[in-house]
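**Q** A single structure is presented below for examination.
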Number of protein chains: 4
Amino acid sequence: MAGNSTGKEFTVTTFGESHGKVVGVVVDGCPAGLSLSEADIQAELDRRIPADPKIVSARIEKDVPKILSGVFNGFTTGAPIAVMVENRDAESTSYEEIKDLPRPGHADYPAGIKYGGFNDYRGGGRFSGRVTVALIMAGAIAKKLLSKFGVDVLAYTTSIGKVKSDRKLSAEEIRKNRYRAATRCPDLACAEKMEEAIVNARKEGESVGGIAECIVLNVPPGVGEPMFDSLDADLAKALFNVPAVKGVEFGLGFEIAKLKGSESNDAYIVEGGRVSASTDNMGGVLGGLSNGMPIMMRVAIKPTPSIGKEQKTVNLSKMEDATVKVKGRHDPCVVPKAVPAVEAAVAVTLADHMIRSGYIPKVLERHK
Amino acid sequence: MAGNSTGKEFTVTTFGESHGKVVGVVVDGCPAGLSLSEADIQAELDRRIPADPKIVSARIEKDVPKILSGVFNGFTTGAPIAVMVENRDAESTSYEEIKDLPRPGHADYPAGIKYGGFNDYRGGGRFSGRVTVALIMAGAIAKKLLSKFGVDVLAYTTSIGKVKSDRKLSAEEIRKNRYRAATRCPDLACAEKMEEAIVNARKEGESVGGIAECIVLNVPPGVGEPMFDSLDADLAKALFNVPAVKGVEFGLGFEIAKLKGSESNDAYIVEGGRVSASTDNMGGVLGGLSNGMPIMMRVAIKPTPSIGKEQKTVNLSKMEDATVKVKGRHDPCVVPKAVPAVEAAVAVTLADHMIRSGYIPKVLERHK
Amino acid sequence: MAGNSTGKEFTVTTFGESHGKVVGVVVDGCPAGLSLSEADIQAELDRRIPADPKIVSARIEKDVPKILSGVFNGFTTGAPIAVMVENRDAESTSYEEIKDLPRPGHADYPAGIKYGGFNDYRGGGRFSGRVTVALIMAGAIAKKLLSKFGVDVLAYTTSIGKVKSDRKLSAEEIRKNRYRAATRCPDLACAEKMEEAIVNARKEGESVGGIAECIVLNVPPGVGEPMFDSLDADLAKALFNVPAVKGVEFGLGFEIAKLKGSESNDAYIVEGGRVSASTDNMGGVLGGLSNGMPIMMRVAIKPTPSIGKEQKTVNLSKMEDATVKVKGRHDPCVVPKAVPAVEAAVAVTLADHMIRSGYIPKVLERHK
Amino acid sequence: MAGNSTGKEFTVTTFGESHGKVVGVVVDGCPAGLSLSEADIQAELDRRIPADPKIVSARIEKDVPKILSGVFNGFTTGAPIAVMVENRDAESTSYEEIKDLPRPGHADYPAGIKYGGFNDYRGGGRFSGRVTVALIMAGAIAKKLLSKFGVDVLAYTTSIGKVKSDRKLSAEEIRKNRYRAATRCPDLACAEKMEEAIVNARKEGESVGGIAECIVLNVPPGVGEPMFDSLDADLAKALFNVPAVKGVEFGLGFEIAKLKGSESNDAYIVEGGRVSASTDNMGGVLGGLSNGMPIMMRVAIKPTPSIGKEQKTVNLSKMEDATVKVKGRHDPCVVPKAVPAVEAAVAVTLADHMIRSGYIPKVLERHK
């Protein structure tokens with residue numbers, strides 16, 4: 001069974017390749033009665049590419065989404081919503097040679113094996129970061145839906161290479177500032193240092209990784225479907241599907257391994273007449289269920305595998321050692337582009353689970 | 001949609017609660033023609049509980065698996081395989097009070113909300129670590145299947161609290177020694193210090209967390225189903241479904257965020273006539289596909305939430321602050337019991353994906 | 001992907017073989033808070049075998065269901081419900097020879113191919129009518145659930161061989177009388193003639209087929225998930241999974257092909273302040289959605305393939321023509337046993353779809 | 001869970017409405033390495049609309065398919081294949097009134113309830129026969145794939161209203177002649193009488209139904225996934241999803257209910273060194289598995305619900321009896337358009353099951 005769909009109630013199917021005609025998505029299961037327009041999707045797509053040529057690839061397309069189905073008179077109808085953008089700024093010539101010389105850190109080699117050499121290798125094809133455009137379009141729909149229920153998904157950069165933001169920010173500051181800096185770090189002073197780190201890496205023909213965090217506010221307790229579709233499990237799955245993610249943690253994450261039970265448990269308290277907790281070490285998930293506290297995740301993002309430097313590889317036709325110098329256009333750091341993809345992955349998963357749990361109905365309201 | 005099944009080809013459905021009659025599992029999609037007996041499953045179950053009363057809960061049941069279907073004349077038939085163990089050593093009286101006083105760090109509170117108070121709360125019910133018995137039984141079948149294709153899944157403890165094993169062990173040492181020490185650390189000198197840490201925590205009425213690692217050998221390249229069923233995504237999902245896991249990383253994991261592209265990329269080399277790599281920083285997965293290198297994961301496991309100390313909570317009927325002292329029997333550290341669960345989660349996921357990729361056929365061999 | 005599960009919200013997984021240890025089922029997704037006991041399931045199982053030795057196989061087991069999980073203090077918990085019965089009255093010796101001599105009309109031959117000869121062939125194994133015990137147990141749970149929402153599923157025999165009941169019965173008569181006669185025909189005068197037809201067939205070493213009808217009352221309009229999970233499509237799928245079914249039709253069924261539009265369309269009328277229709281030619285389904293009228297289906301059931309007469313077959317090891325005389329115990333007509341299986345198949349499908357449509361919530365009521 | 005996807009290995013997701021921008025489909029799981037072009041899809045689409053204005057609606061669009069993804073250098077890549085056609089000839093004004101006056105026999109009423117009045121009602125929206133364009137495009141891909149394995153899917157009309165073709169035709173005649181007559185009846189003499197029946201119905205402002213048959217040649221034995229994904233069950237499900245289908249039967253179908261076991265069983269014979277059968281009363285399916293004989297199905301298709309005559313309905317806003325006269329453009333008989341949809345539904349289901357059974361590999365051949 002192929003794996004280009006996800007979600008059991010809010011089901012997302014993506015299609016398209018980096019250098020093909022389009023990148024598109026079909027969302028099935030979005031409740032009827034949600035106000036939705038292309039502008040909603042455009043707003044999220046615009047966040048994908050920082051308006052700062054110093055830190056992004058030379059491929060800058062204004063992606064204009066077209067809603068093909070599922071919306072009528074400005075509202076979702078309950079039918080599948082298909083949305084696509086056209087690929088216009090693709091340059092394919094520089095990719096011919098990777099057929100034989102798989103780029104280290106990229107999917108070229110295993111994809112060639114898996115698909116018997118038939119995969120579209122241009123620009124990474126189906127494995128390109130560009131394909132997150134489809135995820136972001138689905139995420140835009142999910143975020144609009146979640147917002148009707150007060151749920152807010154906020155991702156942002158917390159480190160780039162060795163530059164780390166340590167300032168504790170309020171949810172409000174994060175919401176307001178996370179897309180102001182090109183690096184998507186809402187700690188704006190730190191954001192500048194991060195940008196420097198990226199610019200320096202680029203100068204050296206190098207790339208850098210980083211860490212992004214995501215908080216989700218106002219998820220009610222009891223969302224998630226253990227044993228196997230635990231909320232954290234499905235969120236983690238969605239996050240590992242974002243290109244370049246190599247680690248996911250909730251709450252204190254790996255740090256928790258060093259603590260004692262009395263240090264890690266979040267004590268319940270009554271606050272404003274409802275159950276809350278004095279800490280959020282668990283990141284808002286207990287036993288695979290949301291517990292009513294903010295959900296808090298962190299993802300580790302690897303340095304862009306495409307670098308200007310010459311790298312060792314093998315020549316697959318000759319089966320001998322070789323070198324490759326990656327041409328094509330590439331970002332020296334994918335963290336800024338990963339941030340909206342993280343938001344989308346989380347939003348899509350939560351929309352799915354809130355419908356599954358019965359918190360979001362199949363029809364938002366009766367038509368007037 | 002409830003979430004008690006996982007896997008699209010090798011499909012595992014579990015049932016049973018901590019203090020109910022049984023814990024059981026149905027495996028659908030196991031190829032016909034696999035030699036399988038209750039002894040195969042017993043062997044894995046026996047690894048779940050270290051034979052060391054110093055570090056485990058007083059609830060020690062010898063779990064005896066019964067195969068109910070799907071095996072005929074010693075071979076799997078292609079029909080669903082149901083296996084169960086009976087619960088015999090359950091003590092339920094001490095759990096009555098948690099109906100109103102949810103234990104911090106446990107699923108009591110969100111589960112009560114989700115299931116409208118109808119959930120079986122005794123011993124954590126469906127959320128008990130005991131339910132991993134079902135996973136381990138499915139894992140035993142998956143491991144037997146994978147072994148026919150040379151694939152080996154090895155999990156082991158690398159840290160407990162602040163005690164960390166730094167010694168680099170060979171796969172052979174890991175395979176041989178990982179279940180020798182009660183702490184499941186194959187670095188046997190370190191294992192003793194870990195045991196001490198657990199014993200000390202128990203004395204204080206405390207608990208400790210830790211880290212387990214898992215390597216998988218001999219997975220061919222090209223296993224995984226991007227975009228949404230990437231191999232690492234599905235492995236991470238399976239691992240987050242293991243109780244108490246709060247973080248999952250592959251290869252260098254969170255460390256990779258600090259590196260440069262030239263440091264993190266695994267350069268391909270020709271070795272023994274086939275493609276290999278000089279490092280395994282990616283943990284054997286690229287673009288959601290296995291790349292032929294060992295798959296390497298690490299999970300962070302939180303301290304057992306049940307501790308002897310009094311903790312703050314709320315009284316749900318009175319909606320006021322309260323305290324709870326967890327009685328019942330519990331482990332001061334769940335890492336040792338998590339290790340075979342991690343192996344099972346990984347084995348089940350890989351069996352599923354290797355069938356999906358076509359590497360494992362639907363019938364192992366024609367009957368003679 | 002194996003196919004031993006069905007349903008997307010109310011998910012039924014069956015296991016067990018005719019001559020294995022047990023026949024069992026796991027129901028995942030039954031809402032929490034449904035009052036459920038073994039007696040509920042026993043009542044449905046008791047309907048499977050008519051208390052009339054003249055028309056049923058000599059294998060008469062009193063099937064006693066055991067609920068293994070998912071029920072606590074008399075109510076469903078939201079966790080998977082496993083139920084099983086033990087097989088006690090199996091006689092396997094007479095089945096050895098069918099390994100080489102596949103019985104015409106049975107699954108022996110294609111099953112042997114599919115599972116490489118590893119399938120449990122005793123008594124038809126996984127393909128035996130006995131396996132409907134699992135379906136009926138799941139159906140018992142579905143029917144209890146549906147009854148909370150006023151939905152009533154009533155199946156009954158309308159013809160056996162050439163004996164056909166033409167009397168139009170009220171839903172009330174059907175409900176009251178359908179299990180009174182061994183042939184499951186609520187037209188009791190006709191039921192006797194049907195019984196005669198079966199007895200005569202048995203005397204000749206023959207078998208007969210028949211037709212069963214099923215009506216479902218009080219399904220609200222709008223249930224079903226077109227395009228591909230239309231209500232009628234999923235009902236038909238469930239019905240074709242009942243052994244021996246060779247045809248399924250809704251409303252006027254095949255007769256509708258001869259009519260004109262003005263004759264077949266059901267005109268809407270206002271009745272008792274709500275929308276109704278003056279006829280039910282469509283069988284309660286329009287465009288894959290329930291329309292609020294009674295859902296009405298009919299299934300064609302083939303004569304039992306096991307007959308006492310000698311039949312032509314092939315010897316698979318010698319690849320030459322041969323004959324087989326089916327021993328073992330078998331029913332001269334499977335229609336009576338199919339009737340409760342039809343009810344179960346329909347109930348399980350409707351429970352699933354009413355949860356999918358949002359008509360049945362995930363928790364039936366808050367616990368007191 | 002919404003239902004706009006079908007298939008577990010060859011997964012088809014459709015989108016689009018009758019009067020929206022497009023009708024489209026995404027096929028996920030088509031093996032890599034299949035030669036595929038827009039011409040392959042065009043050829044099947046061209047069969048949808050008979051070139052005979054006497055018997056079809058005035059809406060005649062030349063549907064031109066555009067492959068958006070998943071094909072590279074003329075071969076499928078293993079990535080999802082998206083294909084769409086634009087809607088150009090839609091006339092929406094005449095549909096405004098059905099918001100309040102649901103057309104008898106159409107999905108207007110239950111769809112309005114289900115989607116809270118948000119559904120796109122123009123031309124039936126998502127429930128229009130036009131949406132079968134998506135199915136036919138997926139079917140074109142499935143048929144191309146099946147043809148590589150010798151499997152041939154042939155549907156054709158056998159009756160229109162009271163005109164019935166009784167001539168037994170060879171598979172070869174069916175293949176050659178089924179699309180020659182506008183009525184899709186390969187018995188060409190009878191086809192003319194069928195056409196007359198349709199023309200007469202139209203003159204009266206009426207519509208007629210009919211029956212289509214479908215045979216599938218060269219399916220190997222053992223395809224199907226009992227218990228719940230039996231081959232006949234999944235085929236029936238697919239067929240009931242074709243608009244206007246009210247009955248499905250295999251082999252002798254409902255006739256079998258009157259026979260005795262010795263009359264209905266298909267005796268096995270050895271023929272040309274392989275197992276065959278002397279009759280095909282079972283329609284090629286036993287126990288939910290293909291048995292190597294031709295698969296043979298029949299579907300009952302209701303008269304087009306849209307007729308020129310005035311019909312009774314209710315006014316939904318006033319909740320009172322009313323009448324409606326359906327304007328818009330409509331076919332007096334949908335059987336001719338249903339025939340290619342039946343082929344597509346069957347082809348898509350078989351492609352799915354042949355991959356599931358392992359008869360079709362994930363990559364067709366290694367790339368040269």
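Here, A, B, ... name the chains of the structure tokens in the order displayed, residue numbers run from 1 inside each chain, and ligands are numbered from 1 in the same displayed order.
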Just need the residues of chain C within 6 Å of chain B, counting only C-alpha atoms, so spit them out as a short mmCIF file (atom, residue, chain, number, x, y, z; two decimals) with N, CA, C and O atoms, in the first residue's frame.
**A**
data_model
loop_
_atom_site.label_atom_id
_atom_site.label_comp_id
_atom_site.auth_asym_id
_atom_site.auth_seq_id
_atom_site.Cartn_x
_atom_site.Cartn_y
_atom_site.Cartn_z
N MET C 1 -2.75 -6.63 1.67
CA MET C 1 -3.44 -6.43 2.94
C MET C 1 -4.52 -7.49 3.12
O MET C 1 -5.39 -7.65 2.26
N ALA C 2 -4.45 -8.20 4.24
CA ALA C 2 -5.44 -9.22 4.53
C ALA C 2 -6.78 -8.55 4.83
O ALA C 2 -6.84 -7.34 5.07
N GLU C 9 -15.41 2.87 11.74
CA GLU C 9 -15.61 3.41 13.08
C GLU C 9 -15.97 2.28 14.05
O GLU C 9 -15.45 2.24 15.15
N PHE C 15 -11.54 -13.92 14.06
CA PHE C 15 -10.49 -14.94 14.00
C PHE C 15 -11.10 -16.29 14.32
O PHE C 15 -12.20 -16.37 14.86
N GLY C 16 -10.37 -17.35 14.00
CA GLY C 16 -10.85 -18.68 14.32
C GLY C 16 -11.26 -19.47 13.10
O GLY C 16 -11.60 -18.90 12.06
N LYS C 21 -9.44 -24.05 17.80
CA LYS C 21 -9.83 -23.97 19.21
C LYS C 21 -11.05 -23.09 19.44
O LYS C 21 -11.87 -23.39 20.29
N GLY C 29 -14.16 0.37 18.66
CA GLY C 29 -14.89 1.56 18.27
C GLY C 29 -16.34 1.55 18.73
O GLY C 29 -17.09 2.47 18.40
N ALA C 32 -18.40 4.03 24.34
CA ALA C 32 -18.44 3.73 25.78
C ALA C 32 -19.84 4.00 26.30
O ALA C 32 -20.56 4.86 25.79
N LEU C 68 -14.15 -11.13 26.78
CA LEU C 68 -12.80 -11.14 27.34
C LEU C 68 -12.30 -9.76 27.72
O LEU C 68 -11.35 -9.63 28.50
N SER C 69 -12.89 -8.73 27.16
CA SER C 69 -12.36 -7.39 27.40
C SER C 69 -13.37 -6.35 26.98
O SER C 69 -14.35 -6.67 26.30
N PHE C 72 -16.94 -3.35 31.51
CA PHE C 72 -16.57 -3.17 32.91
C PHE C 72 -17.82 -2.71 33.66
O PHE C 72 -18.49 -1.77 33.22
N THR C 77 -16.57 0.06 27.69
CA THR C 77 -15.64 1.05 28.23
C THR C 77 -15.06 1.97 27.17
O THR C 77 -14.37 2.93 27.49
N PRO C 80 -11.42 -2.04 23.11
CA PRO C 80 -11.88 -3.12 22.22
C PRO C 80 -12.57 -4.24 23.00
O PRO C 80 -12.11 -4.65 24.06
N TYR C 115 -3.12 -19.78 -0.24
CA TYR C 115 -2.31 -19.89 0.97
C TYR C 115 -1.21 -20.94 0.83
O TYR C 115 -0.67 -21.42 1.81
N GLY C 116 -0.92 -21.33 -0.40
CA GLY C 116 0.21 -22.22 -0.63
C GLY C 116 0.03 -23.57 0.03
O GLY C 116 1.02 -24.25 0.34
N GLY C 117 -1.20 -23.97 0.28
CA GLY C 117 -1.45 -25.27 0.89
C GLY C 117 -1.33 -25.27 2.41
O GLY C 117 -1.47 -26.31 3.05
N PHE C 118 -1.10 -24.11 3.00
CA PHE C 118 -0.95 -24.05 4.46
C PHE C 118 -2.28 -23.83 5.19
O PHE C 118 -2.33 -23.91 6.41
N ASN C 119 -3.32 -23.52 4.45
CA ASN C 119 -4.60 -23.23 5.11
C ASN C 119 -5.14 -24.45 5.85
O ASN C 119 -4.93 -25.58 5.44
N ASP C 120 -5.84 -24.18 6.92
CA ASP C 120 -6.49 -25.23 7.70
C ASP C 120 -7.74 -25.65 6.95
O ASP C 120 -8.73 -24.93 6.91
N ARG C 366 -22.75 10.43 29.69
CA ARG C 366 -21.77 10.62 30.76
C ARG C 366 -22.12 9.67 31.89
O ARG C 366 -23.28 9.42 32.19
N HIS C 367 -21.10 9.13 32.50
CA HIS C 367 -21.29 8.21 33.62
C HIS C 367 -21.81 8.98 34.81
O HIS C 367 -21.43 10.11 35.06
#
**Q** DSSP on the backbone: what in stretch 131-293 of chain D comes out strand (DSSP E or B), as a VMD selection string?
**A** chain D and resid 152 to 160 163 to 164 208 210 to 217 225 227 229 245 to 250 260 268 to 271 274 to 277 285 to 286 289 to 290
**Q** Just the residues within 7 Å of D:Gly247, please, counting only C-alpha atoms, with nothing from its chain fewer than 2 positions along; format it as a list in words.
**A**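 Skipping anything fewer than 2 positions along the chain leaves Val248, Glu249, Phe250, Gly253 and Phe254 of chain C; Val245, Glu249, Val299 and Ala300 of chain D.
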**Q** Could you dump the residues just selected with all heavy atoms as a PDB file, in the first residue's frame?
**A**
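Output file part_5.pdb is given in full below:
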ATOM      1  N   VAL C 248     -27.380  -9.559  -4.480  1.00  0.00           N
ATOM      2  CA  VAL C 248     -27.911  -8.598  -3.504  1.00  0.00           C
ATOM      3  C   VAL C 248     -28.682  -7.544  -4.288  1.00  0.00           C
ATOM      4  O   VAL C 248     -28.188  -7.053  -5.311  1.00  0.00           O
ATOM      5  CB  VAL C 248     -26.778  -7.924  -2.702  1.00  0.00           C
ATOM      6  CG1 VAL C 248     -27.315  -6.758  -1.880  1.00  0.00           C
ATOM      7  CG2 VAL C 248     -26.059  -8.924  -1.801  1.00  0.00           C
ATOM      8  N   GLU C 249     -29.857  -7.204  -3.805  1.00  0.00           N
ATOM      9  CA  GLU C 249     -30.588  -6.125  -4.467  1.00  0.00           C
ATOM     10  C   GLU C 249     -31.319  -5.274  -3.427  1.00  0.00           C
ATOM     11  O   GLU C 249     -31.613  -5.734  -2.324  1.00  0.00           O
ATOM     12  CB  GLU C 249     -31.555  -6.680  -5.524  1.00  0.00           C
ATOM     13  CG  GLU C 249     -32.568  -7.674  -5.001  1.00  0.00           C
ATOM     14  CD  GLU C 249     -33.519  -8.214  -6.086  1.00  0.00           C
ATOM     15  OE1 GLU C 249     -33.192  -8.151  -7.282  1.00  0.00           O
ATOM     16  OE2 GLU C 249     -34.606  -8.696  -5.700  1.00  0.00           O
ATOM     17  N   PHE C 250     -31.573  -4.032  -3.800  1.00  0.00           N
ATOM     18  CA  PHE C 250     -32.264  -3.081  -2.920  1.00  0.00           C
ATOM     19  C   PHE C 250     -33.611  -2.721  -3.537  1.00  0.00           C
ATOM     20  O   PHE C 250     -33.712  -2.556  -4.763  1.00  0.00           O
ATOM     21  CB  PHE C 250     -31.443  -1.813  -2.739  1.00  0.00           C
ATOM     22  CG  PHE C 250     -30.260  -2.034  -1.852  1.00  0.00           C
ATOM     23  CD1 PHE C 250     -29.112  -2.655  -2.326  1.00  0.00           C
ATOM     24  CD2 PHE C 250     -30.303  -1.675  -0.509  1.00  0.00           C
ATOM     25  CE1 PHE C 250     -28.024  -2.898  -1.490  1.00  0.00           C
ATOM     26  CE2 PHE C 250     -29.229  -1.915   0.331  1.00  0.00           C
ATOM     27  CZ  PHE C 250     -28.092  -2.522  -0.163  1.00  0.00           C
ATOM     28  N   GLY C 253     -34.990  -3.879  -6.870  1.00  0.00           N
ATOM     29  CA  GLY C 253     -33.875  -4.685  -7.364  1.00  0.00           C
ATOM     30  C   GLY C 253     -33.889  -4.878  -8.863  1.00  0.00           C
ATOM     31  O   GLY C 253     -34.097  -3.922  -9.625  1.00  0.00           O
ATOM     32  N   PHE C 254     -33.657  -6.105  -9.293  1.00  0.00           N
ATOM     33  CA  PHE C 254     -33.555  -6.372 -10.727  1.00  0.00           C
ATOM     34  C   PHE C 254     -34.846  -6.051 -11.484  1.00  0.00           C
ATOM     35  O   PHE C 254     -34.813  -5.780 -12.683  1.00  0.00           O
ATOM     36  CB  PHE C 254     -33.102  -7.817 -10.973  1.00  0.00           C
ATOM     37  CG  PHE C 254     -31.610  -7.966 -10.876  1.00  0.00           C
ATOM     38  CD1 PHE C 254     -30.986  -8.169  -9.651  1.00  0.00           C
ATOM     39  CD2 PHE C 254     -30.812  -7.841 -12.007  1.00  0.00           C
ATOM     40  CE1 PHE C 254     -29.601  -8.273  -9.560  1.00  0.00           C
ATOM     41  CE2 PHE C 254     -29.431  -7.935 -11.926  1.00  0.00           C
ATOM     42  CZ  PHE C 254     -28.825  -8.153 -10.696  1.00  0.00           C
TER      43      PHE C 254
ATOM     44  N   VAL D 245     -27.292   1.927  -9.846  1.00  0.00           N
ATOM     45  CA  VAL D 245     -27.296   0.470  -9.702  1.00  0.00           C
ATOM     46  C   VAL D 245     -28.138   0.077  -8.487  1.00  0.00           C
ATOM     47  O   VAL D 245     -27.972   0.619  -7.408  1.00  0.00           O
ATOM     48  CB  VAL D 245     -25.849  -0.070  -9.566  1.00  0.00           C
ATOM     49  CG1 VAL D 245     -25.850  -1.527  -9.119  1.00  0.00           C
ATOM     50  CG2 VAL D 245     -25.117   0.086 -10.895  1.00  0.00           C
ATOM     51  N   GLU D 249     -25.417  -9.278  -9.108  1.00  0.00           N
ATOM     52  CA  GLU D 249     -25.386 -10.721  -8.901  1.00  0.00           C
ATOM     53  C   GLU D 249     -24.215 -11.339  -9.650  1.00  0.00           C
ATOM     54  O   GLU D 249     -23.729 -10.774 -10.629  1.00  0.00           O
ATOM     55  CB  GLU D 249     -26.718 -11.362  -9.302  1.00  0.00           C
ATOM     56  CG  GLU D 249     -27.130 -11.103 -10.732  1.00  0.00           C
ATOM     57  CD  GLU D 249     -28.480 -11.738 -11.100  1.00  0.00           C
ATOM     58  OE1 GLU D 249     -29.295 -12.051 -10.211  1.00  0.00           O
ATOM     59  OE2 GLU D 249     -28.704 -11.927 -12.305  1.00  0.00           O
ATOM     60  N   VAL D 299     -25.546  -6.245 -13.332  1.00  0.00           N
ATOM     61  CA  VAL D 299     -26.065  -5.160 -12.496  1.00  0.00           C
ATOM     62  C   VAL D 299     -27.395  -4.671 -13.035  1.00  0.00           C
ATOM     63  O   VAL D 299     -27.599  -4.583 -14.248  1.00  0.00           O
ATOM     64  CB  VAL D 299     -25.106  -3.947 -12.403  1.00  0.00           C
ATOM     65  CG1 VAL D 299     -23.772  -4.349 -11.801  1.00  0.00           C
ATOM     66  CG2 VAL D 299     -24.897  -3.288 -13.753  1.00  0.00           C
ATOM     67  N   ALA D 300     -28.311  -4.361 -12.109  1.00  0.00           N
ATOM     68  CA  ALA D 300     -29.600  -3.774 -12.471  1.00  0.00           C
ATOM     69  C   ALA D 300     -29.480  -2.262 -12.344  1.00  0.00           C
ATOM     70  O   ALA D 300     -29.002  -1.758 -11.322  1.00  0.00           O
ATOM     71  CB  ALA D 300     -30.686  -4.284 -11.527  1.00  0.00           C
TER      72      ALA D 300
END
**Q** Within 9 Å of A:Ala197, counting only C-alpha atoms, which residues qualify if same-chain residues fewer than 3 places away don't, as a PyMOL selection string?
**A** chain A and resi 160-163+192-194+200-202+208
**Q** Only N, CA and C atoms, please: the residues just picked out, written as a CSV table (one decimal), in the first residue's frame.
**A**
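Once everything was written out, this is out_28.csv:
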chain,number,residue,atom,x,y,z
A,160,ILE,N,19.5,27.5,15.3
A,160,ILE,CA,20.1,27.3,14.0
A,160,ILE,C,21.5,27.0,14.2
A,161,GLY,N,22.0,25.9,13.8
A,161,GLY,CA,23.3,25.5,14.1
A,161,GLY,C,23.6,25.6,15.5
A,162,LYS,N,24.6,26.4,15.9
A,162,LYS,CA,24.9,26.5,17.3
A,162,LYS,C,24.3,27.7,18.0
A,163,VAL,N,23.5,28.5,17.2
A,163,VAL,CA,22.9,29.7,17.8
A,163,VAL,C,21.5,29.3,18.4
A,192,GLU,N,18.5,37.5,14.4
A,192,GLU,CA,19.5,38.1,13.5
A,192,GLU,C,20.8,37.3,13.5
A,193,LYS,N,21.1,36.8,14.7
A,193,LYS,CA,22.4,35.9,14.8
A,193,LYS,C,22.2,34.6,14.0
A,194,MET,N,21.0,34.1,14.1
A,194,MET,CA,20.7,32.9,13.3
A,194,MET,C,20.9,33.2,11.8
A,200,ASN,N,26.8,32.8,6.8
A,200,ASN,CA,28.1,32.3,6.8
A,200,ASN,C,28.2,30.9,6.2
A,201,ALA,N,27.3,30.0,6.6
A,201,ALA,CA,27.3,28.6,6.1
A,201,ALA,C,27.3,28.7,4.5
A,202,ARG,N,26.4,29.5,4.0
A,202,ARG,CA,26.3,29.6,2.6
A,202,ARG,C,27.6,30.0,1.9
A,208,VAL,N,23.4,24.4,7.4
A,208,VAL,CA,23.2,24.2,8.8
A,208,VAL,C,21.8,23.7,9.1
**Q** Output as a ChimeraX atom specification all residues of stretch 153-301 of chain D that backbone DSSP marks as helix (DSSP H, G or I).
**A** /D:171-177,188-203,231-240,253-258,261-264
**Q** Write the residues you've just listed into a file as a short mmCIF file (atom, residue, chain, number, x, y, z; two decimals), in the first residue's frame, and include C-alpha atoms for each of them.
**A**
data_model
loop_
_atom_site.label_atom_id
_atom_site.label_comp_id
_atom_site.auth_asym_id
_atom_site.auth_seq_id
_atom_site.Cartn_x
_atom_site.Cartn_y
_atom_site.Cartn_z
CA ALA D 171 -15.99 -13.15 -25.47
CA GLU D 172 -14.44 -12.18 -28.77
CA GLU D 173 -17.72 -10.81 -30.14
CA ILE D 174 -18.31 -8.93 -26.93
CA ARG D 175 -14.88 -7.38 -26.97
CA LYS D 176 -15.22 -6.31 -30.57
CA ASN D 177 -18.82 -5.10 -30.65
CA LEU D 188 -26.21 -5.62 -32.69
CA ALA D 189 -29.65 -6.62 -33.88
CA CYS D 190 -31.00 -6.34 -30.41
CA ALA D 191 -29.11 -3.09 -29.91
CA GLU D 192 -31.34 -1.42 -32.44
CA LYS D 193 -34.51 -2.43 -30.61
CA MET D 194 -32.99 -1.12 -27.41
CA GLU D 195 -32.32 2.20 -29.06
CA GLU D 196 -35.92 2.35 -30.15
CA ALA D 197 -37.06 1.72 -26.59
CA ILE D 198 -34.97 4.63 -25.40
CA VAL D 199 -36.17 6.94 -28.13
CA ASN D 200 -39.78 6.08 -27.34
CA ALA D 201 -39.29 6.70 -23.65
CA ARG D 202 -37.79 10.08 -24.37
CA LYS D 203 -40.72 11.02 -26.54
CA LEU D 231 -13.44 -10.51 -4.21
CA ASP D 232 -17.16 -10.62 -4.96
CA ALA D 233 -17.90 -8.38 -1.96
CA ASP D 234 -15.47 -5.73 -3.14
CA LEU D 235 -16.67 -5.97 -6.73
CA ALA D 236 -20.27 -5.60 -5.58
CA LYS D 237 -19.33 -2.63 -3.45
CA ALA D 238 -17.64 -0.97 -6.41
CA LEU D 239 -20.66 -1.66 -8.61
CA PHE D 240 -23.18 -0.26 -6.14
CA GLY D 253 -27.32 -14.87 -9.34
CA PHE D 254 -30.87 -14.84 -8.03
CA GLU D 255 -31.75 -17.83 -10.25
CA ILE D 256 -29.50 -20.03 -8.16
CA ALA D 257 -31.91 -19.79 -5.22
CA LYS D 258 -34.28 -22.16 -7.01
CA GLY D 261 -26.78 -28.40 -5.15
CA SER D 262 -26.09 -30.87 -7.92
CA GLU D 263 -27.42 -28.35 -10.42
CA SER D 264 -25.52 -25.33 -9.16
#
